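Enquirer: Input protein-v5.txt, format and content: compact mmCIF, C-alpha atoms.
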```txt
# COMPACT_ATOMS: atom_id res chain seq x y z
CA MET D 9 6.35 -6.78 -143.40
CA THR D 10 5.40 -3.13 -143.07
CA LYS D 11 7.63 -0.88 -140.96
CA ALA D 12 4.81 1.49 -140.02
CA PRO D 13 3.02 0.83 -136.70
CA PHE D 14 0.64 -2.05 -137.13
CA VAL D 15 -1.69 -4.33 -135.21
CA LEU D 16 -0.87 -8.03 -135.25
CA ILE D 17 -3.92 -10.28 -135.63
CA VAL D 18 -3.26 -13.77 -134.29
CA GLU D 19 -6.11 -15.93 -135.51
CA ASP D 20 -6.14 -19.44 -136.95
CA ASP D 21 -9.31 -19.00 -138.99
CA GLU D 22 -8.15 -17.04 -141.98
CA TRP D 23 -11.60 -15.72 -142.81
CA VAL D 24 -12.08 -14.41 -139.29
CA ALA D 25 -8.62 -12.84 -139.53
CA GLU D 26 -9.55 -11.33 -142.87
CA GLN D 27 -12.73 -9.89 -141.40
CA LEU D 28 -10.90 -8.37 -138.42
CA ALA D 29 -8.30 -6.89 -140.77
CA ARG D 30 -11.05 -5.56 -143.04
CA THR D 31 -12.64 -3.77 -140.09
CA LEU D 32 -9.38 -2.24 -138.88
CA ASN D 33 -8.02 -1.43 -142.34
CA GLY D 34 -11.31 0.32 -143.09
CA VAL D 35 -10.50 2.97 -140.48
CA GLY D 36 -6.87 3.28 -141.50
CA ILE D 37 -5.30 0.91 -138.97
CA ARG D 38 -2.63 -1.28 -140.54
CA THR D 39 -2.60 -4.97 -139.76
CA GLU D 40 -0.51 -8.10 -140.16
CA HIS D 41 -1.74 -11.64 -139.67
CA ALA D 42 -0.17 -14.61 -137.88
CA PRO D 43 -2.09 -17.90 -138.19
CA HIS D 44 -0.74 -19.38 -134.96
CA ALA D 45 1.24 -18.49 -131.84
CA LEU D 46 4.61 -19.67 -133.18
CA ALA D 47 4.29 -17.53 -136.30
CA ALA D 48 3.25 -14.63 -134.08
CA ILE D 49 6.39 -15.00 -131.93
CA ASP D 50 8.56 -14.94 -135.06
CA MET D 51 6.80 -11.86 -136.40
CA ILE D 52 7.00 -10.05 -133.06
CA ASP D 53 10.71 -10.88 -132.86
CA ALA D 54 11.21 -9.35 -136.29
CA LEU D 55 9.20 -6.22 -135.58
CA PRO D 56 7.04 -5.66 -132.50
CA PRO D 57 3.50 -4.51 -133.32
CA ALA D 58 1.75 -1.61 -131.65
CA ALA D 59 -0.89 -4.01 -130.32
CA ILE D 60 -2.05 -7.58 -130.68
CA VAL D 61 -5.56 -8.86 -131.38
CA LEU D 62 -5.44 -12.45 -130.18
CA ASP D 63 -7.75 -15.43 -130.48
CA VAL D 64 -7.60 -17.91 -127.59
CA LEU D 65 -8.00 -21.34 -129.19
CA LEU D 66 -5.37 -21.58 -131.87
CA ALA D 67 -3.94 -24.40 -133.92
CA GLY D 68 -0.86 -25.50 -131.98
CA PRO D 69 0.07 -23.63 -128.80
CA ASN D 70 -2.83 -21.51 -127.59
CA ALA D 71 -3.02 -17.83 -126.70
CA PHE D 72 -1.62 -18.33 -123.22
CA THR D 73 1.63 -19.71 -124.60
CA LEU D 74 2.05 -16.48 -126.50
CA LEU D 75 1.06 -14.38 -123.49
CA HIS D 76 3.62 -16.19 -121.32
CA GLU D 77 6.27 -15.66 -123.98
CA LEU D 78 5.52 -11.95 -124.14
CA LYS D 79 5.68 -11.62 -120.37
CA SER D 80 9.09 -13.28 -120.31
CA HIS D 81 10.62 -10.50 -122.42
CA SER D 82 10.94 -7.18 -120.65
CA ASP D 83 10.68 -5.21 -123.87
CA LEU D 84 7.45 -6.98 -124.84
CA ALA D 85 5.79 -7.41 -121.46
CA ASP D 86 3.75 -4.25 -121.83
CA LEU D 87 2.59 -4.90 -125.37
CA PRO D 88 -1.16 -4.30 -125.30
CA VAL D 89 -3.23 -7.38 -126.09
CA ILE D 90 -6.93 -7.57 -126.95
CA LEU D 91 -8.41 -11.03 -126.76
CA CYS D 92 -11.01 -11.66 -129.42
CA THR D 93 -12.62 -15.01 -128.78
CA ALA D 94 -15.81 -17.05 -128.95
CA SER D 95 -15.00 -18.27 -125.42
CA ALA D 96 -15.15 -14.85 -123.78
CA ASP D 97 -17.76 -16.03 -121.29
CA GLN D 98 -15.23 -18.48 -119.85
CA LEU D 99 -12.54 -15.89 -119.22
CA VAL D 100 -12.13 -13.56 -116.26
CA GLN D 101 -10.76 -10.15 -117.19
CA GLU D 102 -9.06 -9.70 -113.79
CA ASP D 103 -7.07 -12.92 -114.28
CA LEU D 104 -5.91 -11.75 -117.67
CA SER D 105 -4.77 -8.25 -116.78
CA ALA D 106 -1.46 -9.59 -115.49
CA TYR D 107 -0.75 -10.82 -119.00
CA GLY D 108 -1.21 -7.42 -120.55
CA VAL D 109 -4.72 -8.18 -121.76
CA ARG D 110 -6.49 -4.84 -121.94
CA GLN D 111 -9.87 -6.05 -123.13
CA VAL D 112 -11.77 -9.21 -124.01
CA LEU D 113 -14.09 -9.06 -127.00
CA ASP D 114 -16.74 -11.71 -127.54
CA LYS D 115 -16.81 -12.66 -131.23
CA ALA D 116 -20.42 -13.68 -130.90
CA THR D 117 -21.74 -10.37 -129.65
CA MET D 118 -19.25 -7.66 -130.60
CA MET D 119 -19.99 -5.04 -133.21
CA PRO D 120 -17.27 -4.18 -135.74
CA ASP D 121 -16.89 -0.78 -134.08
CA ASP D 122 -16.12 -2.47 -130.75
CA LEU D 123 -12.90 -3.80 -132.23
CA VAL D 124 -11.96 -0.39 -133.60
CA VAL D 125 -12.64 1.31 -130.27
CA ALA D 126 -10.69 -1.33 -128.34
CA VAL D 127 -7.68 -1.07 -130.63
CA ARG D 128 -7.67 2.72 -130.75
CA LYS D 129 -7.79 2.79 -126.96
CA VAL D 130 -4.48 0.94 -126.70
CA LEU D 131 -2.62 2.43 -129.64
CA PRO D 132 0.03 5.00 -128.72
CA MET I 24 -24.82 -31.88 -121.04
CA SER I 25 -21.14 -31.45 -121.95
CA PHE I 26 -21.94 -32.77 -125.41
CA LEU I 27 -24.53 -30.04 -125.84
CA VAL I 28 -22.05 -27.43 -124.65
CA THR I 29 -19.47 -28.72 -127.10
CA ALA I 30 -21.94 -28.74 -129.97
CA ALA I 31 -23.06 -25.22 -129.09
CA HIS I 32 -19.45 -24.04 -129.05
CA GLU I 33 -18.78 -25.65 -132.43
CA LEU I 34 -21.65 -23.76 -133.98
CA LYS I 35 -20.89 -20.51 -132.21
CA ALA I 36 -17.67 -19.77 -134.09
CA PRO I 37 -19.11 -20.01 -137.64
CA LEU I 38 -22.27 -18.16 -136.62
CA ALA I 39 -20.15 -15.39 -135.13
CA LEU I 40 -18.25 -15.08 -138.41
CA ILE I 41 -21.45 -15.04 -140.46
CA ARG I 42 -22.81 -12.30 -138.20
CA GLN I 43 -19.65 -10.20 -138.53
CA LEU I 44 -19.69 -10.54 -142.31
CA ALA I 45 -23.37 -9.62 -142.45
CA LEU I 46 -22.83 -6.59 -140.22
CA SER I 47 -20.04 -5.40 -142.48
CA LEU I 48 -22.15 -5.89 -145.58
CA GLU I 49 -24.95 -3.96 -143.92
CA THR I 50 -22.86 -0.90 -143.20
CA ASP I 51 -20.03 -0.95 -145.71
CA LEU I 52 -20.73 -0.42 -149.38
CA GLY I 53 -17.16 -1.45 -150.28
CA ALA I 54 -15.95 -2.65 -153.63
CA GLN I 55 -18.22 -5.02 -155.54
CA GLY I 56 -15.57 -7.74 -155.66
CA GLU I 57 -15.08 -7.55 -151.92
CA ARG I 58 -18.81 -7.77 -151.27
CA GLU I 59 -19.08 -10.81 -153.49
CA ARG I 60 -16.21 -12.44 -151.63
CA MET I 61 -17.92 -11.81 -148.29
CA LEU I 62 -21.21 -13.21 -149.57
CA ARG I 63 -19.41 -16.28 -150.84
CA GLN I 64 -17.80 -16.74 -147.43
CA ILE I 65 -21.21 -16.52 -145.76
CA VAL I 66 -22.54 -19.24 -148.07
CA LEU I 67 -19.57 -21.56 -147.54
CA VAL I 68 -19.43 -21.09 -143.77
CA SER I 69 -23.19 -21.70 -143.59
CA GLU I 70 -22.88 -24.89 -145.62
CA ARG I 71 -20.13 -26.16 -143.38
CA SER I 72 -22.21 -25.43 -140.28
CA LEU I 73 -25.24 -27.12 -141.80
CA ARG I 74 -23.16 -30.22 -142.44
CA LEU I 75 -22.40 -30.28 -138.73
CA THR I 76 -26.04 -29.90 -137.73
CA THR I 77 -27.03 -32.71 -140.09
CA ASP I 78 -24.30 -34.91 -138.64
CA LEU I 79 -25.41 -34.17 -135.10
CA SER I 80 -29.04 -35.03 -135.79
CA ARG I 81 -27.97 -38.21 -137.56
CA THR I 82 -25.73 -39.16 -134.65
CA SER I 83 -28.66 -38.97 -132.28
CA ARG I 84 -30.60 -41.46 -134.42
CA LEU I 85 -27.82 -44.01 -134.86
CA ASP I 86 -29.09 -46.27 -132.08
CA ASP I 87 -32.56 -46.51 -133.60
CA SER I 88 -31.54 -47.12 -137.17
CA LEU I 89 -30.05 -49.86 -139.21
CA PHE I 90 -27.81 -48.54 -141.90
CA GLU I 91 -27.72 -50.52 -145.07
CA LEU I 92 -24.24 -51.68 -145.94
CA GLU I 93 -23.46 -52.19 -149.59
CA PRO I 94 -20.44 -52.85 -151.75
CA LEU I 95 -19.11 -49.54 -152.97
CA ASN I 96 -16.07 -48.11 -154.63
CA PRO I 97 -14.04 -46.20 -152.01
CA GLN I 98 -12.06 -44.44 -154.71
CA GLN I 99 -15.29 -42.99 -156.04
CA ILE I 100 -16.30 -41.85 -152.54
CA CYS I 101 -12.92 -40.11 -152.15
CA GLU I 102 -13.43 -38.35 -155.47
CA GLU I 103 -16.98 -37.28 -154.55
CA VAL I 104 -15.84 -35.85 -151.23
CA ALA I 105 -12.91 -34.03 -152.83
CA HIS I 106 -15.33 -32.60 -155.39
CA GLU I 107 -17.81 -31.51 -152.72
CA LEU I 108 -15.17 -29.79 -150.61
CA GLU I 109 -13.37 -28.23 -153.55
CA PRO I 110 -15.29 -24.89 -153.51
CA LEU I 111 -14.52 -24.41 -149.81
CA TYR I 112 -10.86 -25.30 -150.32
CA LYS I 113 -10.60 -23.11 -153.39
CA ALA I 114 -12.12 -20.15 -151.53
CA LYS I 115 -9.38 -20.56 -148.93
CA GLY I 116 -6.67 -20.87 -151.57
CA ARG I 117 -6.09 -24.55 -150.84
CA GLU I 118 -6.33 -27.72 -152.83
CA ILE I 119 -7.89 -31.09 -152.10
CA ARG I 120 -7.60 -34.13 -154.31
CA ALA I 121 -8.23 -37.84 -154.37
CA SER I 122 -5.21 -40.00 -155.11
CA SER I 123 -5.88 -42.34 -157.98
CA ARG I 124 -5.59 -46.10 -157.73
CA TYR I 125 -4.46 -48.57 -160.34
CA ARG I 126 -6.33 -51.59 -158.98
CA PRO I 127 -10.04 -51.34 -158.20
CA ILE I 128 -11.19 -52.19 -154.68
CA LEU I 129 -14.61 -52.54 -153.09
CA ALA I 130 -15.60 -51.69 -149.52
CA VAL I 131 -18.67 -52.75 -147.55
CA ALA I 132 -20.09 -49.62 -146.02
CA ASN I 133 -22.97 -47.18 -145.91
CA ARG I 134 -22.40 -44.62 -148.62
CA ASP I 135 -23.87 -41.66 -146.76
CA LEU I 136 -22.09 -42.35 -143.48
CA LEU I 137 -18.78 -42.96 -145.20
CA ARG I 138 -19.11 -39.71 -147.12
CA ARG I 139 -19.90 -37.82 -143.94
CA ILE I 140 -16.87 -39.26 -142.15
CA LEU I 141 -14.59 -38.15 -144.97
CA LEU I 142 -16.26 -34.74 -145.14
CA ASN I 143 -15.53 -34.32 -141.44
CA PHE I 144 -11.91 -35.30 -141.95
CA GLY I 145 -11.72 -32.97 -144.94
CA ASP I 146 -13.14 -30.06 -142.94
CA ASN I 147 -10.66 -30.89 -140.22
CA ALA I 148 -7.73 -30.93 -142.62
CA LEU I 149 -8.70 -27.61 -144.19
CA HIS I 150 -8.50 -25.84 -140.89
CA TYR I 151 -5.21 -27.42 -139.99
CA ALA I 152 -3.28 -27.73 -143.26
CA GLU I 153 -0.66 -25.19 -144.14
CA GLY I 154 1.12 -24.11 -147.27
CA ASN I 155 0.48 -25.12 -150.82
CA THR I 156 0.54 -28.87 -150.36
CA PRO I 157 -2.80 -30.41 -151.32
CA VAL I 158 -4.84 -32.39 -148.82
CA GLU I 159 -5.11 -35.93 -150.15
CA LEU I 160 -7.86 -38.52 -149.87
CA ARG I 161 -6.68 -42.03 -150.39
CA ALA I 162 -8.16 -45.52 -150.27
CA ALA I 163 -6.06 -48.64 -149.76
CA THR I 164 -6.39 -52.23 -148.60
CA PHE I 165 -4.64 -53.74 -145.58
CA GLU I 166 -4.72 -56.97 -143.56
CA ASN I 167 -4.26 -58.95 -146.77
CA GLY I 168 -7.12 -57.23 -148.47
CA LYS I 169 -9.68 -57.91 -145.74
CA LYS I 170 -10.05 -54.27 -144.78
CA ILE I 171 -10.03 -50.96 -146.54
CA ARG I 172 -8.65 -47.75 -145.13
CA LEU I 173 -9.87 -44.39 -146.41
CA GLY I 174 -7.59 -41.64 -145.17
CA VAL I 175 -7.32 -37.87 -145.36
CA ARG I 176 -3.71 -36.67 -145.21
CA ASP I 177 -2.97 -33.08 -144.29
CA TYR I 178 0.29 -31.18 -144.07
CA GLY I 179 0.80 -28.79 -141.19
CA PRO I 180 2.69 -28.35 -137.93
CA ALA I 181 3.18 -31.60 -136.00
CA VAL I 182 0.72 -32.15 -133.18
CA PRO I 183 2.53 -32.11 -129.80
CA VAL I 184 3.07 -35.62 -128.42
CA ASP I 185 1.01 -35.11 -125.24
CA VAL I 186 -1.91 -33.75 -127.22
CA TRP I 187 -1.62 -36.62 -129.66
CA LYS I 188 -1.70 -39.19 -126.85
CA ARG I 189 -4.91 -37.68 -125.50
CA LEU I 190 -6.38 -37.68 -128.96
CA LYS I 191 -5.54 -41.31 -129.58
CA THR I 192 -6.98 -42.37 -126.24
CA SER I 193 -10.43 -41.00 -126.88
CA LEU I 194 -10.56 -40.64 -130.63
CA GLY I 195 -14.13 -40.91 -131.84
CA THR I 196 -15.52 -42.02 -128.50
CA GLU I 197 -15.89 -38.70 -126.74
CA THR I 198 -15.54 -35.04 -127.46
CA GLN I 199 -12.35 -33.50 -126.22
CA VAL I 200 -10.67 -30.17 -125.88
CA LEU I 201 -7.97 -30.35 -128.46
CA HIS I 202 -6.32 -26.98 -128.82
CA ALA I 203 -3.69 -28.24 -131.21
CA ARG I 204 -6.24 -29.52 -133.69
CA PRO I 205 -9.02 -27.88 -135.59
CA GLN I 206 -12.56 -27.63 -134.30
CA SER I 207 -10.84 -27.67 -130.90
CA SER I 208 -13.49 -29.83 -129.25
CA GLY I 209 -13.03 -32.89 -131.46
CA LEU I 210 -16.76 -32.95 -132.13
CA GLY I 211 -16.27 -33.75 -135.82
CA LEU I 212 -14.04 -36.67 -134.88
CA TYR I 213 -16.57 -37.87 -132.34
CA VAL I 214 -19.29 -37.80 -135.00
CA ALA I 215 -17.00 -39.65 -137.43
CA GLY I 216 -16.30 -42.29 -134.78
CA GLN I 217 -20.02 -42.83 -134.17
CA PHE I 218 -20.70 -43.16 -137.89
CA ALA I 219 -17.83 -45.62 -138.31
CA GLY I 220 -19.14 -47.71 -135.42
CA ALA I 221 -22.56 -47.91 -137.07
CA MET I 222 -20.83 -49.60 -140.02
CA ASN I 223 -18.74 -51.94 -137.83
CA GLY I 224 -15.75 -49.85 -138.72
CA GLU I 225 -13.46 -47.61 -136.72
CA ILE I 226 -11.55 -44.39 -137.13
CA GLY I 227 -7.93 -43.73 -136.32
CA ALA I 228 -5.13 -41.28 -136.88
CA THR I 229 -1.47 -41.34 -137.77
CA ARG I 230 0.86 -38.55 -136.70
CA HIS I 231 3.43 -37.40 -139.23
CA ARG I 232 6.35 -35.04 -138.82
CA ASP I 233 4.55 -32.64 -141.12
CA GLY I 234 0.88 -33.21 -140.38
CA ALA I 235 -1.50 -36.08 -139.82
CA THR I 236 -3.67 -38.67 -141.51
CA PHE I 237 -7.16 -39.30 -140.18
CA TYR I 238 -8.65 -42.50 -141.48
CA VAL I 239 -11.63 -44.82 -141.30
CA ASP I 240 -11.30 -48.59 -141.63
CA VAL I 241 -14.17 -50.64 -143.05
CA MET I 242 -14.51 -54.20 -144.28
CA ALA I 243 -13.50 -55.02 -147.84
CA SER I 244 -16.02 -56.68 -150.14
CA ARG I 245 -15.07 -60.09 -151.52
CA GLN I 246 -17.09 -59.58 -154.68
CA LEU I 247 -14.13 -58.60 -156.83
CA SER I 248 -12.13 -61.66 -155.77
CA LEU I 249 -14.97 -63.89 -156.95
CA LEU I 250 -14.88 -62.53 -160.48
```
Take the structure I supplied and represent it as structure tokens, if you would.
Expert:
Amino acid sequence: MTKAPFVLIVEDDEWVAEQLARTLNGVGIRTEHAPHALAAIDMIDALPPAAIVLDVLLAGPNAFTLLHELKSHSDLADLPVILCTASADQLVQEDLSAYGVRQVLDKATMMPDDLVVAVRKVLP
Amino acid sequence: MSFLVTAAHELKAPLALIRQLALSLETDLGAQGERERMLRQIVLVSERSLRLTTDLSRTSRLDDSLFELEPLNPQQICEEVAHELEPLYKAKGREIRASSRYRPILAVANRDLLRRILLNFGDNALHYAEGNTPVELRAATFENGKKIRLGVRDYGPAVPVDVWKRLKTSLGTETQVLHARPQSSGLGLYVAGQFAGAMNGEIGATRHRDGATFYVDVMASRQLSLL
């Protein structure tokens, strides 16, 4: 895994993950990919990312399991999270803020630049 | 109405990916190899989505139609499905194969519906399977040769017990939110259950420590035993 600051993409569809990485890598933002929440927890334990781009419905434990896990660790509680989901219309941003979710992107309507802007906004 | 919402959600995810890929192709000249890969992904994701739309339209006509049942070789069906899904699996760096049988067996089923059930299971397994272990399609007899089970075995993280219990309760009879399994709504499994019912068969699933087998049971043909 790279030691430079990176964004962790947690997404169970590898082609969606690849597309998100392609978009971010294209503007010089480094990425790593975790296919499910458990892998993400392992990767974050090894080296915390600068931000997380997180799908909601994942194979195995869903995004909220990961969000709860992050909140339970003081050193990770403030890790910025961007939800990137096809179920954005069912989520309420205010309810998610407590989990460190800075923005919700709707996969169905977002433009590639929206992801870049959202990530740049939360990067240190 | 919930069925429509589920179906809409199932189609939303692949359409969203196709749109993202198209937007990138529109604005990014990129390397030729990368563009070809993205175009290939658009084709394969589209084909997978079209399979779902065909299944949905066929499901709505099940009540009005009689599906011809015929003796057919389940091993051959497994091989056909593995062959049809191979490009999608290959594009994702995975492998699918049909296990070979020594003794021939014959099932009584509708070829098209049986294929579609296995394609659904195969799509399901692709999303869920991990690592380099191939997904396997297998046909076998049980109940002293009276029935034939065609199964798709995948290897991935075990499904949590509570999720599995919910799945088993409503498998193939209703759509369900199933976060620990692919397609998340269980729509593909619902469709498979409807198709199996139209052939007097049924679908089921077996949980393994390292994955799952989704299967369809149909009647065995007695023709071979008469030879």
Enquirer: Which of these, D:Val61, D:Ile17, D:Leu32, D:Met51, has the shortest distance to chain I once you count only C-alpha atoms?
Expert: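 The closest residue to chain I is D:Leu32.
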Enquirer: For the atom pair atom CA of Leu78 of chain D and atom CA of Ile49 of chain D, what is the interatomic distance in Å to one decimal place?
Expert: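 A separation of 8.4 Å between them.
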Enquirer: Would you mind reading off the distance between atom CA of Gly145 of chain I and atom CA of His106 of chain I, one decimal, in Å?
Expert: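 For atom CA of Gly145 of chain I relative to atom CA of His106 of chain I, the distance reads 11.1 Å.
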Enquirer: Have a look at D:Ala47, D:Leu123, D:Ile52, D:Ala67 and name the one nearest to chain I; count all atoms listed in the file.
Expert: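 Among D:Ala47, D:Leu123, D:Ile52, D:Ala67, it is D:Ala67 that comes nearest to chain I.
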Enquirer: Please identify every residue of chain D that has at least one atom no more than 7 Å from any atom of chain I, counting all atoms listed in the file, and report them as a PyMOL selection string.
Expert: chain D and resi 24+65-70+94+115-116
Enquirer: Which residue, I:Leu95, I:Leu34, I:Ala228, I:Ala54, has the smallest gap to Leu73 of chain I when you use all atoms listed in the file?
Expert: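 Residue with the minimum atom-to-atom distance to Leu73 of chain I: I:Leu34.
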Enquirer: Can you work out the spacing between atom CA of Met118 of chain D and atom CA of Asp63 of chain D in Å, to one decimal?
Expert: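 One can read the atom CA of Met118 of chain D to atom CA of Asp63 of chain D distance as 13.9 Å.
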Enquirer: Using only C-alpha atoms for the distances, tell me which of D:Val35, D:Leu91, D:Leu62, D:Leu84 is nearest to Asp114 of chain D.
Expert: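 Of the candidates, the smallest distance to Asp114 of chain D is held by D:Leu91.
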